[in-house]
>>> print(open('target16.txt').read())   # compact mmCIF, C-alpha atoms and all ligand atoms
# COMPACT_ATOMS: atom_id res chain seq x y z
CA MET A 1 -43.73 71.55 -34.09
CA HIS A 2 -43.62 69.93 -37.53
CA GLY A 3 -47.20 70.95 -38.29
CA ILE A 4 -48.40 67.35 -38.48
CA ARG A 5 -51.70 66.67 -36.69
CA ASN A 6 -53.04 63.33 -37.96
CA VAL A 7 -51.06 61.11 -35.62
CA ALA A 8 -52.25 58.00 -33.78
CA VAL A 9 -50.38 56.21 -30.99
CA LEU A 10 -51.41 52.55 -30.79
CA GLU A 11 -50.82 50.73 -27.51
CA LYS A 12 -51.71 47.09 -26.97
CA GLY A 13 -52.16 47.58 -23.22
CA TYR A 14 -52.38 50.91 -21.43
CA ILE A 15 -50.16 53.99 -21.67
CA GLY A 16 -47.17 53.59 -19.35
CA GLY A 17 -47.81 49.86 -18.86
CA GLY A 18 -44.55 48.85 -20.56
CA ASN A 19 -41.04 49.62 -19.38
CA THR A 20 -41.91 53.31 -19.08
CA GLY A 21 -43.88 52.47 -15.93
CA ARG A 22 -41.53 49.70 -14.78
CA ASN A 23 -38.12 51.34 -14.68
CA THR A 24 -36.15 52.62 -11.72
CA THR A 25 -36.47 56.22 -12.98
CA LEU A 26 -32.76 57.11 -13.20
CA VAL A 27 -31.92 60.09 -15.39
CA ARG A 28 -28.32 61.00 -16.29
CA SER A 29 -26.02 61.74 -19.21
CA ASN A 30 -22.81 60.19 -17.85
CA TYR A 31 -22.08 57.88 -20.79
CA ARG A 32 -18.71 57.16 -22.35
CA GLN A 33 -18.90 58.25 -25.95
CA LYS A 34 -19.51 61.52 -27.75
CA PRO A 35 -22.69 60.58 -29.69
CA LEU A 36 -24.30 59.43 -26.43
CA HIS A 37 -23.02 62.48 -24.53
CA ASP A 38 -24.60 64.80 -27.10
CA PHE A 39 -27.86 62.86 -27.18
CA PHE A 40 -28.34 62.31 -23.45
CA GLU A 41 -27.11 65.78 -22.43
CA PHE A 42 -29.61 67.32 -24.85
CA GLY A 43 -32.20 65.13 -23.11
CA LEU A 44 -31.03 66.06 -19.61
CA LYS A 45 -31.45 69.75 -20.44
CA MET A 46 -34.99 68.92 -21.65
CA TRP A 47 -35.68 67.10 -18.36
CA GLU A 48 -34.79 70.29 -16.49
CA GLN A 49 -37.65 72.13 -18.29
CA LEU A 50 -40.06 69.22 -18.79
CA SER A 51 -42.58 69.92 -16.00
CA ASP A 52 -43.00 73.48 -17.29
CA GLU A 53 -43.19 72.41 -20.90
CA LEU A 54 -45.82 69.71 -20.27
CA ASN A 55 -47.54 71.76 -17.57
CA TYR A 56 -47.42 68.54 -15.54
CA ASN A 57 -45.16 67.81 -12.58
CA VAL A 58 -42.90 64.94 -13.63
CA MET A 59 -41.10 65.25 -10.25
CA PHE A 60 -37.67 65.55 -11.83
CA SER A 61 -35.25 65.37 -8.91
CA PRO A 62 -31.61 66.20 -9.76
CA ARG A 63 -30.20 64.63 -6.62
CA GLY A 64 -26.95 63.43 -8.20
CA ALA A 65 -26.02 60.16 -9.92
CA MET A 66 -22.88 58.66 -8.39
CA PHE A 67 -20.81 55.70 -9.58
CA LEU A 68 -18.72 54.07 -6.84
CA GLY A 69 -15.11 52.99 -7.36
CA HIS A 70 -13.96 49.91 -5.43
CA SER A 71 -10.40 49.58 -6.71
CA ASP A 72 -7.64 51.48 -8.51
CA SER A 73 -8.77 50.03 -11.83
CA ASP A 74 -12.36 51.19 -11.14
CA MET A 75 -11.05 54.68 -10.45
CA ILE A 76 -9.04 54.74 -13.69
CA LYS A 77 -12.19 53.82 -15.63
CA LEU A 78 -14.23 56.46 -13.80
CA ALA A 79 -11.54 59.10 -14.41
CA GLU A 80 -11.52 58.22 -18.13
CA ARG A 81 -15.30 58.49 -18.29
CA GLY A 82 -15.17 61.84 -16.46
CA ASP A 83 -12.52 63.17 -18.86
CA ALA A 84 -14.55 62.07 -21.88
CA MET A 85 -17.66 63.77 -20.47
CA ARG A 86 -15.81 67.02 -19.78
CA ALA A 87 -14.39 66.93 -23.31
CA SER A 88 -18.02 66.89 -24.48
CA GLY A 89 -18.79 69.89 -22.25
CA ILE A 90 -20.65 67.95 -19.52
CA ASP A 91 -19.92 68.74 -15.87
CA VAL A 92 -18.92 65.79 -13.67
CA GLU A 93 -16.79 65.34 -10.55
CA LEU A 94 -14.31 62.65 -9.60
CA LEU A 95 -14.65 62.09 -5.85
CA THR A 96 -12.32 60.96 -3.06
CA ARG A 97 -13.61 58.40 -0.59
CA GLU A 98 -14.12 61.21 1.95
CA GLN A 99 -16.30 63.11 -0.54
CA VAL A 100 -18.30 59.95 -1.27
CA ALA A 101 -18.84 59.42 2.47
CA LYS A 102 -20.05 62.99 2.84
CA ILE A 103 -22.67 62.52 0.12
CA GLU A 104 -23.86 59.12 1.43
CA PRO A 105 -23.04 58.78 5.17
CA LEU A 106 -24.69 55.33 5.43
CA LEU A 107 -22.32 53.66 2.93
CA ASP A 108 -19.98 51.15 4.57
CA MET A 109 -16.68 53.08 4.29
CA SER A 110 -14.86 50.97 6.86
CA ARG A 111 -11.54 49.36 5.94
CA GLY A 112 -13.11 45.97 6.63
CA ALA A 113 -16.02 46.56 4.26
CA ARG A 114 -16.84 43.61 2.02
CA PHE A 115 -16.47 45.92 -1.02
CA PRO A 116 -14.13 48.79 -0.08
CA ILE A 117 -15.07 52.18 -1.53
CA VAL A 118 -12.07 54.18 -2.69
CA GLY A 119 -13.81 57.01 -4.56
CA GLY A 120 -16.54 57.84 -7.04
CA LEU A 121 -17.73 59.86 -10.00
CA THR A 122 -20.83 62.01 -9.64
CA GLN A 123 -22.99 63.91 -12.05
CA ARG A 124 -24.84 66.26 -9.72
CA ARG A 125 -27.48 67.22 -12.33
CA GLY A 126 -28.48 63.56 -12.73
CA GLY A 127 -31.21 62.04 -10.59
CA THR A 128 -34.70 60.63 -10.92
CA ALA A 129 -38.16 61.52 -12.28
CA ARG A 130 -41.51 59.92 -11.58
CA HIS A 131 -42.01 57.53 -14.48
CA ASP A 132 -45.80 57.26 -14.58
CA ALA A 133 -46.12 61.07 -14.33
CA VAL A 134 -43.86 61.30 -17.40
CA ALA A 135 -46.18 58.97 -19.34
CA TRP A 136 -49.32 60.83 -18.25
CA GLY A 137 -47.78 64.27 -18.82
CA TYR A 138 -46.72 63.40 -22.35
CA ALA A 139 -50.04 61.70 -23.12
CA ARG A 140 -52.02 64.71 -21.93
CA ALA A 141 -49.84 67.14 -23.90
CA ALA A 142 -50.06 64.99 -27.05
CA ASP A 143 -53.83 64.68 -26.66
CA ARG A 144 -54.08 68.46 -26.43
CA LEU A 145 -52.26 68.69 -29.78
CA GLY A 146 -54.80 66.36 -31.38
CA VAL A 147 -52.89 63.06 -31.21
CA ASP A 148 -55.21 60.02 -30.96
CA ILE A 149 -54.04 57.69 -28.21
CA ILE A 150 -55.71 54.34 -28.80
CA GLN A 151 -55.22 51.87 -25.96
CA LYS A 152 -55.96 48.13 -26.05
CA CYS A 153 -55.08 48.18 -29.74
CA GLU A 154 -52.40 45.66 -30.67
CA VAL A 155 -50.58 45.88 -34.00
CA THR A 156 -50.77 42.43 -35.58
CA GLY A 157 -49.31 43.12 -39.02
CA PHE A 158 -48.35 45.70 -41.63
CA VAL A 159 -50.35 46.66 -44.72
CA ARG A 160 -48.04 46.77 -47.75
CA ASP A 161 -48.13 48.29 -51.21
CA GLY A 162 -45.24 46.50 -52.87
CA ASP A 163 -42.34 46.94 -50.46
CA ALA A 164 -43.75 50.03 -48.80
CA VAL A 165 -45.75 50.03 -45.57
CA ILE A 166 -49.04 51.92 -45.97
CA GLY A 167 -50.75 51.02 -42.70
CA VAL A 168 -51.15 48.53 -39.90
CA GLU A 169 -53.48 45.68 -39.07
CA THR A 170 -54.64 45.82 -35.46
CA THR A 171 -56.95 43.98 -33.10
CA ARG A 172 -59.34 46.91 -33.65
CA GLY A 173 -59.14 46.94 -37.43
CA ARG A 174 -56.95 48.27 -40.23
CA ILE A 175 -55.47 51.78 -39.99
CA GLY A 176 -53.88 53.48 -43.01
CA ALA A 177 -50.77 55.60 -42.48
CA GLY A 178 -48.25 57.46 -44.62
CA ARG A 179 -45.51 56.63 -42.13
CA VAL A 180 -45.37 54.05 -39.37
CA GLY A 181 -42.99 54.21 -36.39
CA ILE A 182 -42.22 51.16 -34.27
CA CYS A 183 -41.55 51.97 -30.58
CA VAL A 184 -42.30 48.82 -28.60
CA ALA A 185 -39.14 48.22 -26.49
CA GLY A 186 -38.85 44.49 -25.68
CA HIS A 187 -41.20 43.62 -28.53
CA SER A 188 -39.10 45.36 -31.20
CA GLY A 189 -37.86 42.08 -32.71
CA HIS A 190 -41.35 40.57 -32.71
CA VAL A 191 -43.06 43.58 -34.36
CA ALA A 192 -40.24 44.24 -36.88
CA ALA A 193 -40.42 40.59 -37.92
CA MET A 194 -44.01 41.25 -39.08
CA ALA A 195 -42.40 43.49 -41.74
CA GLY A 196 -39.75 40.90 -42.55
CA LEU A 197 -36.96 42.64 -40.61
CA LYS A 198 -34.48 40.81 -38.38
CA LEU A 199 -33.05 43.26 -35.83
CA PRO A 200 -29.74 43.20 -33.93
CA ILE A 201 -31.80 43.22 -30.73
CA GLU A 202 -32.48 40.54 -28.11
CA SER A 203 -35.25 40.73 -25.53
CA GLN A 204 -34.20 40.16 -21.93
CA THR A 205 -35.98 40.47 -18.62
CA LEU A 206 -34.76 43.21 -16.28
CA GLN A 207 -36.13 43.42 -12.78
CA ALA A 208 -36.13 45.75 -9.81
CA LEU A 209 -37.51 45.90 -6.28
CA VAL A 210 -38.64 48.44 -3.71
CA THR A 211 -38.73 48.30 0.09
CA GLU A 212 -41.26 49.72 2.52
CA GLY A 213 -41.09 53.50 2.84
CA VAL A 214 -38.69 54.99 5.40
CA LYS A 215 -37.42 58.45 6.28
CA PRO A 216 -34.74 59.88 3.96
CA MET A 217 -31.59 57.72 4.15
CA VAL A 218 -30.19 57.57 0.58
CA LYS A 219 -29.71 61.07 -0.78
CA SER A 220 -28.43 60.45 -4.30
CA VAL A 221 -28.51 57.64 -6.87
CA VAL A 222 -25.74 55.19 -5.91
CA MET A 223 -24.44 52.88 -8.66
CA SER A 224 -21.72 50.25 -8.61
CA GLN A 225 -20.55 48.76 -11.89
CA SER A 226 -18.37 46.21 -10.12
CA LEU A 227 -21.30 44.95 -8.05
CA HIS A 228 -23.90 45.34 -10.82
CA CYS A 229 -26.28 47.16 -8.53
CA TYR A 230 -27.83 50.57 -8.00
CA ILE A 231 -29.82 52.13 -5.19
CA SER A 232 -32.00 55.22 -4.79
CA GLN A 233 -34.84 56.35 -2.56
CA SER A 234 -38.22 57.18 -4.05
CA ASP A 235 -40.12 60.29 -3.05
CA LYS A 236 -42.48 57.99 -1.10
CA GLY A 237 -39.49 56.74 0.91
CA GLY A 238 -39.08 53.25 -0.57
CA ILE A 239 -35.54 52.14 -1.35
CA VAL A 240 -35.44 51.20 -5.04
CA MET A 241 -32.80 48.66 -6.13
CA GLY A 242 -31.89 46.91 -9.32
CA GLY A 243 -29.33 44.49 -10.63
CA ASP A 244 -28.48 42.47 -13.70
CA PRO A 245 -30.88 41.47 -16.46
CA ASP A 246 -31.49 37.76 -16.88
CA ASN A 247 -28.70 36.40 -19.04
CA TRP A 248 -31.00 34.69 -21.50
CA PRO A 249 -33.59 35.99 -23.99
CA SER A 250 -37.15 36.01 -22.74
CA TYR A 251 -40.52 37.70 -23.15
CA ALA A 252 -41.53 36.80 -19.58
CA GLN A 253 -42.49 40.02 -17.83
CA ARG A 254 -41.54 38.69 -14.42
CA GLY A 255 -38.32 38.38 -12.47
CA ASN A 256 -36.71 35.53 -10.62
CA PRO A 257 -35.50 35.28 -7.01
CA MET A 258 -31.86 34.57 -7.93
CA VAL A 259 -31.35 38.03 -9.46
CA THR A 260 -33.31 39.73 -6.66
CA HIS A 261 -31.17 37.94 -4.07
CA PHE A 262 -27.97 39.08 -5.80
CA ALA A 263 -29.11 42.72 -5.99
CA ILE A 264 -30.21 42.78 -2.33
CA ALA A 265 -27.01 41.12 -1.08
CA ASN A 266 -24.83 43.66 -2.88
CA ALA A 267 -26.95 46.63 -1.80
CA ILE A 268 -26.72 45.51 1.83
CA ALA A 269 -22.95 45.12 1.52
CA LEU A 270 -22.79 48.77 0.40
CA ILE A 271 -25.35 50.15 2.90
CA PRO A 272 -25.69 47.68 5.79
CA ALA A 273 -28.66 49.58 7.29
CA LEU A 274 -30.77 48.36 4.34
CA SER A 275 -30.82 44.89 5.92
CA ARG A 276 -33.40 46.17 8.41
CA LEU A 277 -35.96 46.95 5.70
CA ARG A 278 -38.74 44.76 4.37
CA MET A 279 -39.15 44.28 0.63
CA LEU A 280 -42.48 45.61 -0.60
CA ARG A 281 -42.55 44.28 -4.15
CA THR A 282 -40.49 43.21 -7.16
CA TRP A 283 -41.38 43.55 -10.83
CA ALA A 284 -39.80 43.17 -14.25
CA GLY A 285 -39.94 44.44 -17.81
CA VAL A 286 -38.83 43.07 -21.16
CA THR A 287 -35.92 45.20 -22.37
CA ASP A 288 -34.65 45.57 -25.94
CA MET A 289 -30.92 44.84 -25.79
CA SER A 290 -29.04 46.08 -28.85
CA PHE A 291 -25.75 44.40 -29.68
CA ASP A 292 -23.58 47.49 -29.14
CA GLY A 293 -25.49 48.81 -26.13
CA SER A 294 -26.67 51.92 -28.01
CA PRO A 295 -30.19 52.74 -29.19
CA ILE A 296 -31.52 52.61 -32.73
CA ILE A 297 -33.57 55.59 -33.98
CA GLY A 298 -34.15 56.05 -37.67
CA THR A 299 -35.30 54.66 -40.97
CA THR A 300 -35.42 50.96 -41.87
CA PRO A 301 -34.87 49.20 -45.22
CA VAL A 302 -38.69 49.04 -45.54
CA PRO A 303 -40.07 52.25 -47.13
CA ASN A 304 -42.28 54.30 -44.71
CA LEU A 305 -41.29 52.15 -41.72
CA TYR A 306 -39.23 53.67 -38.89
CA LEU A 307 -37.69 52.18 -35.76
CA ASN A 308 -37.05 53.43 -32.24
CA GLY A 309 -35.64 50.68 -30.01
CA GLY A 310 -32.57 48.96 -28.63
CA TRP A 311 -32.70 51.00 -25.42
CA CYS A 312 -31.29 48.22 -23.28
CA TYR A 313 -31.78 49.21 -19.63
CA GLY A 314 -31.48 52.96 -20.27
CA GLY A 315 -34.35 54.31 -22.33
CA PHE A 316 -36.33 56.12 -19.64
CA LYS A 317 -33.76 58.88 -19.31
CA ALA A 318 -33.86 59.18 -23.09
CA THR A 319 -37.61 59.91 -23.17
CA PRO A 320 -37.45 63.65 -24.10
CA ALA A 321 -34.52 63.37 -26.54
CA SER A 322 -35.85 60.13 -27.99
CA GLY A 323 -39.30 61.62 -28.60
CA TYR A 324 -37.86 64.84 -30.02
CA THR A 325 -35.50 63.17 -32.49
CA TYR A 326 -37.94 60.41 -33.45
CA ALA A 327 -40.63 63.02 -34.19
CA HIS A 328 -38.12 64.87 -36.37
CA THR A 329 -37.18 61.65 -38.18
CA LEU A 330 -40.79 60.62 -38.78
CA ALA A 331 -41.81 64.09 -39.92
CA THR A 332 -38.89 64.75 -42.26
CA GLY A 333 -38.03 61.20 -43.31
CA ALA A 334 -34.39 61.68 -42.20
CA PRO A 335 -32.59 61.57 -38.84
CA HIS A 336 -31.92 64.67 -36.74
CA SER A 337 -28.17 65.33 -36.27
CA LEU A 338 -28.47 63.97 -32.69
CA ASN A 339 -29.79 60.57 -33.78
CA ALA A 340 -27.88 60.33 -37.07
CA PRO A 341 -25.19 58.11 -35.44
CA PHE A 342 -27.89 55.76 -34.09
CA VAL A 343 -29.38 54.54 -37.36
CA LEU A 344 -29.97 50.83 -37.96
CA ASP A 345 -27.58 50.89 -40.91
CA ARG A 346 -24.61 51.29 -38.54
CA PHE A 347 -24.62 47.53 -38.00
CA VAL A 348 -24.18 47.05 -41.76
CA GLN A 349 -21.57 49.81 -42.10
CA GLY A 350 -19.51 48.60 -39.11
CA ALA A 351 -20.12 51.94 -37.36
CA THR A 352 -21.38 50.48 -34.09
CA ILE A 353 -21.19 52.64 -30.94
CA ASP A 354 -20.00 50.30 -28.23
CA GLU A 355 -21.56 51.46 -24.97
CA ASN A 356 -21.82 48.07 -23.34
CA GLY A 357 -21.13 48.67 -19.69
CA SER A 358 -22.20 52.29 -19.59
CA GLY A 359 -24.80 51.58 -16.92
CA PRO A 360 -24.49 50.02 -13.51
CA MET A 361 -24.29 46.54 -15.06
CA PRO A 362 -21.04 46.34 -17.03
CA ASN A 363 -21.27 42.84 -18.44
CA SER A 364 -24.75 43.14 -19.79
CA ARG A 365 -25.85 44.94 -22.89
C1 LIG B 1 -36.71 47.08 -14.22
C2 LIG B 1 -36.28 48.14 -15.19
C3 LIG B 1 -35.52 49.20 -14.74
C4 LIG B 1 -35.11 50.19 -15.64
N1 LIG B 1 -34.46 51.28 -15.13
C5 LIG B 1 -34.16 52.32 -15.95
C6 LIG B 1 -33.60 53.50 -15.41
O1 LIG B 1 -33.40 53.62 -14.19
N2 LIG B 1 -33.30 54.52 -16.26
C7 LIG B 1 -33.52 54.42 -17.60
O2 LIG B 1 -33.19 55.35 -18.33
N3 LIG B 1 -34.11 53.32 -18.14
C8 LIG B 1 -34.44 52.27 -17.35
N4 LIG B 1 -35.05 51.15 -17.86
C9 LIG B 1 -35.29 51.07 -19.31
C10 LIG B 1 -36.49 51.91 -19.73
O3 LIG B 1 -37.59 51.65 -18.88
C11 LIG B 1 -36.87 51.61 -21.16
O4 LIG B 1 -35.73 51.65 -22.01
C12 LIG B 1 -37.89 52.62 -21.69
O5 LIG B 1 -38.94 52.79 -20.78
C13 LIG B 1 -38.40 52.17 -23.04
O6 LIG B 1 -39.46 53.02 -23.41
P1 LIG B 1 -40.33 52.63 -24.65
O7 LIG B 1 -41.39 53.69 -24.77
O8 LIG B 1 -39.43 52.36 -25.81
O9 LIG B 1 -40.97 51.23 -24.26
P2 LIG B 1 -42.21 50.85 -23.34
O10 LIG B 1 -42.47 51.84 -22.26
O11 LIG B 1 -42.03 49.42 -22.93
O12 LIG B 1 -43.42 50.99 -24.34
C14 LIG B 1 -43.59 50.10 -25.41
C15 LIG B 1 -45.05 49.77 -25.48
O13 LIG B 1 -45.28 49.05 -26.68
C16 LIG B 1 -46.42 48.26 -26.44
N5 LIG B 1 -46.48 47.21 -27.48
C17 LIG B 1 -45.70 46.12 -27.61
N6 LIG B 1 -46.06 45.39 -28.68
C18 LIG B 1 -47.11 46.06 -29.26
C19 LIG B 1 -47.94 45.83 -30.40
N7 LIG B 1 -47.77 44.73 -31.19
N8 LIG B 1 -48.93 46.71 -30.68
C20 LIG B 1 -49.11 47.82 -29.90
N9 LIG B 1 -48.37 48.09 -28.80
C21 LIG B 1 -47.38 47.22 -28.50
C22 LIG B 1 -46.20 47.70 -25.04
O14 LIG B 1 -47.44 47.31 -24.46
C23 LIG B 1 -45.56 48.89 -24.34
O15 LIG B 1 -46.46 49.62 -23.53
C24 LIG B 1 -35.47 50.12 -17.01
C25 LIG B 1 -36.23 49.05 -17.47
C26 LIG B 1 -36.66 48.07 -16.56
C27 LIG B 1 -37.51 46.93 -17.06
>>> encode(input="target16.txt", output="C-alpha cells", more="lines below")
Ligand SMILES: Cc1cc2nc3c(=O)[nH]c(=O)nc-3n(C[C@H](O)[C@H](O)[C@H](O)COP(=O)(O)OP(=O)(O)OC[C@H]3O[C@@H](n4cnc5c(N)ncnc54)[C@H](O)[C@@H]3O)c2cc1C
Amino acid sequence: MHGIRNVAVLEKGYIGGGNTGRNTTLVRSNYRQKPLHDFFEFGLKMWEQLSDELNYNVMFSPRGAMFLGHSDSDMIKLAERGDAMRASGIDVELLTREQVAKIEPLLDMSRGARFPIVGGLTQRRGGTARHDAVAWGYARAADRLGVDIIQKCEVTGFVRDGDAVIGVETTRGRIGAGRVGICVAGHSGHVAAMAGLKLPIESQTLQALVTEGVKPMVKSVVMSQSLHCYISQSDKGGIVMGGDPDNWPSYAQRGNPMVTHFAIANAIALIPALSRLRMLRTWAGVTDMSFDGSPIIGTTPVPNLYLNGGWCYGGFKATPASGYTYAHTLATGAPHSLNAPFVLDRFVQGATIDENGSGPMPNSR
C-alpha cells in the first residue's frame, strides 16, 4: 500500500506464539471514548472483510458482545456507554432483563440468583475470530507481498548512529534498518529499555481457560464488569472463560489457580449449567498494561524508533486497525489520524485517554 517492500518481521519464538495465539478472541468496538470508538469501529469494519482481504478464513463470528448489568448503577453506566457509542455513530442496544434472557436462556435470571441480572448492553456486530488463523492469514498475505518473516530471531539490542536507531542486534546477527518498529506486547518495557526508553507500561499476566467441547449452549459473548468475568463458546464447542489479570507485574507466562478459581466461580454463578463441565486447559500471556488503559502507537523520542504497545487485555480486536495505522506511521514517519491521539507523548502532554475499565475487568488496566 505504501510501496515499501524491504520489510522484515523478527520474532523470537514462532508467529502467533505470543498473546495473539493466547487471547480469548473477543472482537468489539464498545469502548467509552471517541478516539477508541473511531479506532476500534474502523477495525471492526475491517474484521467484517478480513477473510476476503487475506483470502484466508479467520472465522470472524459476529455473534454479539453483551455486557450484563447487575444493579441500577451498572445499568446507568451501560446506558452512558451506549449513548457515547451512538454519538460516535456505532450501533448498540440497551437490553431489558427479558431481552437478555432471550439471547442467553441458560443465564440464571431467577430472583434468587447470586448475582441478579437486571439488563444488558449488546453490540450485535461484535463477536469472536479464530486467533491463530488471524496470525497465519496475515503472515501468508505479508509473505506474498515480499515481507521476510524471520522466526527464532530475538532482538537483543539496537544499533545506533548518535541518537538515531539504524538497525538491531539479534540472536541471528545484526540487521540494518531505516526504521524500526517495536511490537512485542508484554515485552515492550524490556525491549524499549534497550534503547534507553522507560515506558508508562507494566507487564502483567492474564490468563484464561477452556472446558471440554459441548453442543451449543452460549450463543453470544457474555461479559460482566461487576464480576470481572466473560464467557463465550468456541467453534469447537469449548466454553472459554477469563477473569482478572494478576495484580502484580510479572513476565511469567503462566497463570495461577486463585484467578482461575475466581473466574470459574463467577461464570458458574451466571450460568449454573457450566458446573457440569470439565476444564480442558488453562494458559496465560504477558500483557502490556498502559497507565491509562489505552494503546500507544506512534513515534518515540529516539529517531527512527517506533512503538506499538500498551494493549492491556484488548489488543487482539485491534489487529487490523493496529496493523493499518502502524504501517502508515512507519511508512510516513507520522501517525494516521486514527492513531494520532494514541502517541506516547500524550503522557508528557497530560492528554491521557482514560479507558481503564472498558473491558470486562473494571479495576484492572
Ligand atoms: C489470556 C488473554 C486473553 C486475552 N483476550 C483478549 C480478547 O478476548 N480480545 C482482545 O482484543 N484481546 C485480548 N487479549 C490481548 C491480546 O491478545 C493482545 O493485546 C494482542 O494479542 C497483542 O498483540 P501483539 O502482536 O502486540 O503481541 P503478541 O501477539 O504477544 O506478539 C508479540 C511478539 O513479540 C515477540 N517478542 C518479544 N520480545 C521479543 C524480542 N526481544 N525479539 C523478537 N521478538 C520478541 C513475542 O515472542 C511475541 O510473539 C488477551 C490476552 C491474553 C493473554
>>> residues_around(input="target16.txt", residues="segment 139-153 of chain A", least_positions_apart="3", cutoff="8 Å", atoms="all atoms listed in the file", output="JSON, numbers by chain")
{"A": [5, 6, 7, 8, 9, 10, 11, 12, 13, 14, 15, 54, 135, 136, 170, 171, 172]}
>>> closest_residue(input="target16.txt", among="A:Arg22, A:Lys77, A:Arg111, A:His2", to="ligand LIG 1 (chain B)", atoms="all atoms listed in the file")
A:Arg22
>>> residues_near_ligand(input="target16.txt", ligand="ligand LIG 1 (chain B)", cutoff="8 Å", atoms="only C-alpha atoms and all ligand atoms", output="VMD selection string")
chain A and resid 10 to 28 128 152 to 156 170 183 to 188 190 to 191 205 to 208 242 283 to 288 308 to 319
>>> closest_residue(input="target16.txt", among="A:Ala252, A:Tyr138, A:Leu307, A:Leu95", to="Asp52 of chain A", atoms="all atoms listed in the file")
A:Tyr138
>>> closest_residue(input="target16.txt", among="A:Ile201, A:Leu305, A:Ile271, A:Val218", to="Phe291 of chain A", atoms="all atoms listed in the file")
A:Ile201
>>> closest_residue(input="target16.txt", among="A:Lys236, A:His70, A:Lys215, A:Arg63", to="Gly119 of chain A", atoms="only C-alpha atoms")
A:His70
>>> residues_around(input="target16.txt", residues="Asn266 of chain A", least_positions_apart="5", cutoff="12 Å", atoms="only C-alpha atoms", output="list in words")
Leu107, Asp108, Ala113, Arg114, Phe115, Val222, Met223, Ser224, Gln225, Ser226, Leu227, His228, Cys229, Tyr230, Ile231, Met241, Gly242, Gly243, Asp244, Val259, Thr260, His261, Ile271, Pro272, Leu274 and Ser275 of chain A
>>> write_last_selection(input="target16.txt", atoms="C-alpha atoms", output="mmCIF file, keeping the file's coordinate frame")
data_model
loop_
_atom_site.group_PDB
_atom_site.id
_atom_site.type_symbol
_atom_site.label_atom_id
_atom_site.label_comp_id
_atom_site.auth_asym_id
_atom_site.auth_seq_id
_atom_site.Cartn_x
_atom_site.Cartn_y
_atom_site.Cartn_z
ATOM 1 C CA LEU A 107 -22.320 53.660 2.930
ATOM 2 C CA ASP A 108 -19.980 51.150 4.570
ATOM 3 C CA ALA A 113 -16.020 46.560 4.260
ATOM 4 C CA ARG A 114 -16.840 43.610 2.020
ATOM 5 C CA PHE A 115 -16.470 45.920 -1.020
ATOM 6 C CA VAL A 222 -25.740 55.190 -5.910
ATOM 7 C CA MET A 223 -24.440 52.880 -8.660
ATOM 8 C CA SER A 224 -21.720 50.250 -8.610
ATOM 9 C CA GLN A 225 -20.550 48.760 -11.890
ATOM 10 C CA SER A 226 -18.370 46.210 -10.120
ATOM 11 C CA LEU A 227 -21.300 44.950 -8.050
ATOM 12 C CA HIS A 228 -23.900 45.340 -10.820
ATOM 13 C CA CYS A 229 -26.280 47.160 -8.530
ATOM 14 C CA TYR A 230 -27.830 50.570 -8.000
ATOM 15 C CA ILE A 231 -29.820 52.130 -5.190
ATOM 16 C CA MET A 241 -32.800 48.660 -6.130
ATOM 17 C CA GLY A 242 -31.890 46.910 -9.320
ATOM 18 C CA GLY A 243 -29.330 44.490 -10.630
ATOM 19 C CA ASP A 244 -28.480 42.470 -13.700
ATOM 20 C CA VAL A 259 -31.350 38.030 -9.460
ATOM 21 C CA THR A 260 -33.310 39.730 -6.660
ATOM 22 C CA HIS A 261 -31.170 37.940 -4.070
ATOM 23 C CA ILE A 271 -25.350 50.150 2.900
ATOM 24 C CA PRO A 272 -25.690 47.680 5.790
ATOM 25 C CA LEU A 274 -30.770 48.360 4.340
ATOM 26 C CA SER A 275 -30.820 44.890 5.920
#
>>> atom_distance(input="target16.txt", atom1="atom CA of Gly64 of chain A", atom2="atom CA of Phe342 of chain A")
27.0 Å
>>> atom_distance(input="target16.txt", atom1="atom CA of Ala351 of chain A", atom2="atom CA of Pro295 of chain A")
13.0 Å
>>> atom_distance(input="target16.txt", atom1="atom CA of Ser220 of chain A", atom2="atom CA of Ala65 of chain A")
6.1 Å
>>> closest_residue(input="target16.txt", among="A:Asn356, A:Thr332, A:Thr300, A:Ser71", to="Tyr31 of chain A", atoms="only C-alpha atoms")
A:Asn356
>>> residues_around(input="target16.txt", residues="His336 of chain A", least_positions_apart="6", cutoff="9 Å", atoms="all atoms listed in the file", output="list in words")
Gly298, Tyr324, Thr325, Tyr326, His328 and Thr329 of chain A
>>> write_last_selection(input="target16.txt", atoms="C-alpha atoms", output="PDB file, in the coordinates of the input")
ATOM      1  CA  GLY A 298     -34.150  56.050 -37.670  1.00  0.00           C
ATOM      2  CA  TYR A 324     -37.860  64.840 -30.020  1.00  0.00           C
ATOM      3  CA  THR A 325     -35.500  63.170 -32.490  1.00  0.00           C
ATOM      4  CA  TYR A 326     -37.940  60.410 -33.450  1.00  0.00           C
ATOM      5  CA  HIS A 328     -38.120  64.870 -36.370  1.00  0.00           C
ATOM      6  CA  THR A 329     -37.180  61.650 -38.180  1.00  0.00           C
TER       7      THR A 329
END
>>> residues_around(input="target16.txt", residues="Arg346 of chain A", least_positions_apart="4", cutoff="12 Å", atoms="only C-alpha atoms", output="number ranges by chain")
A: 199-200, 290-292, 294-300, 339-342, 350-354
>>> closest_residue(input="target16.txt", among="A:Glu93, A:Gln33, A:Leu209, A:Ser88", to="Asn256 of chain A", atoms="only C-alpha atoms")
A:Leu209
>>> residues_around(input="target16.txt", residues="Asp163 of chain A", least_positions_apart="6", cutoff="10 Å", atoms="all atoms listed in the file", output="JSON, numbers by chain")
{"A": [195, 301, 302, 303, 304]}
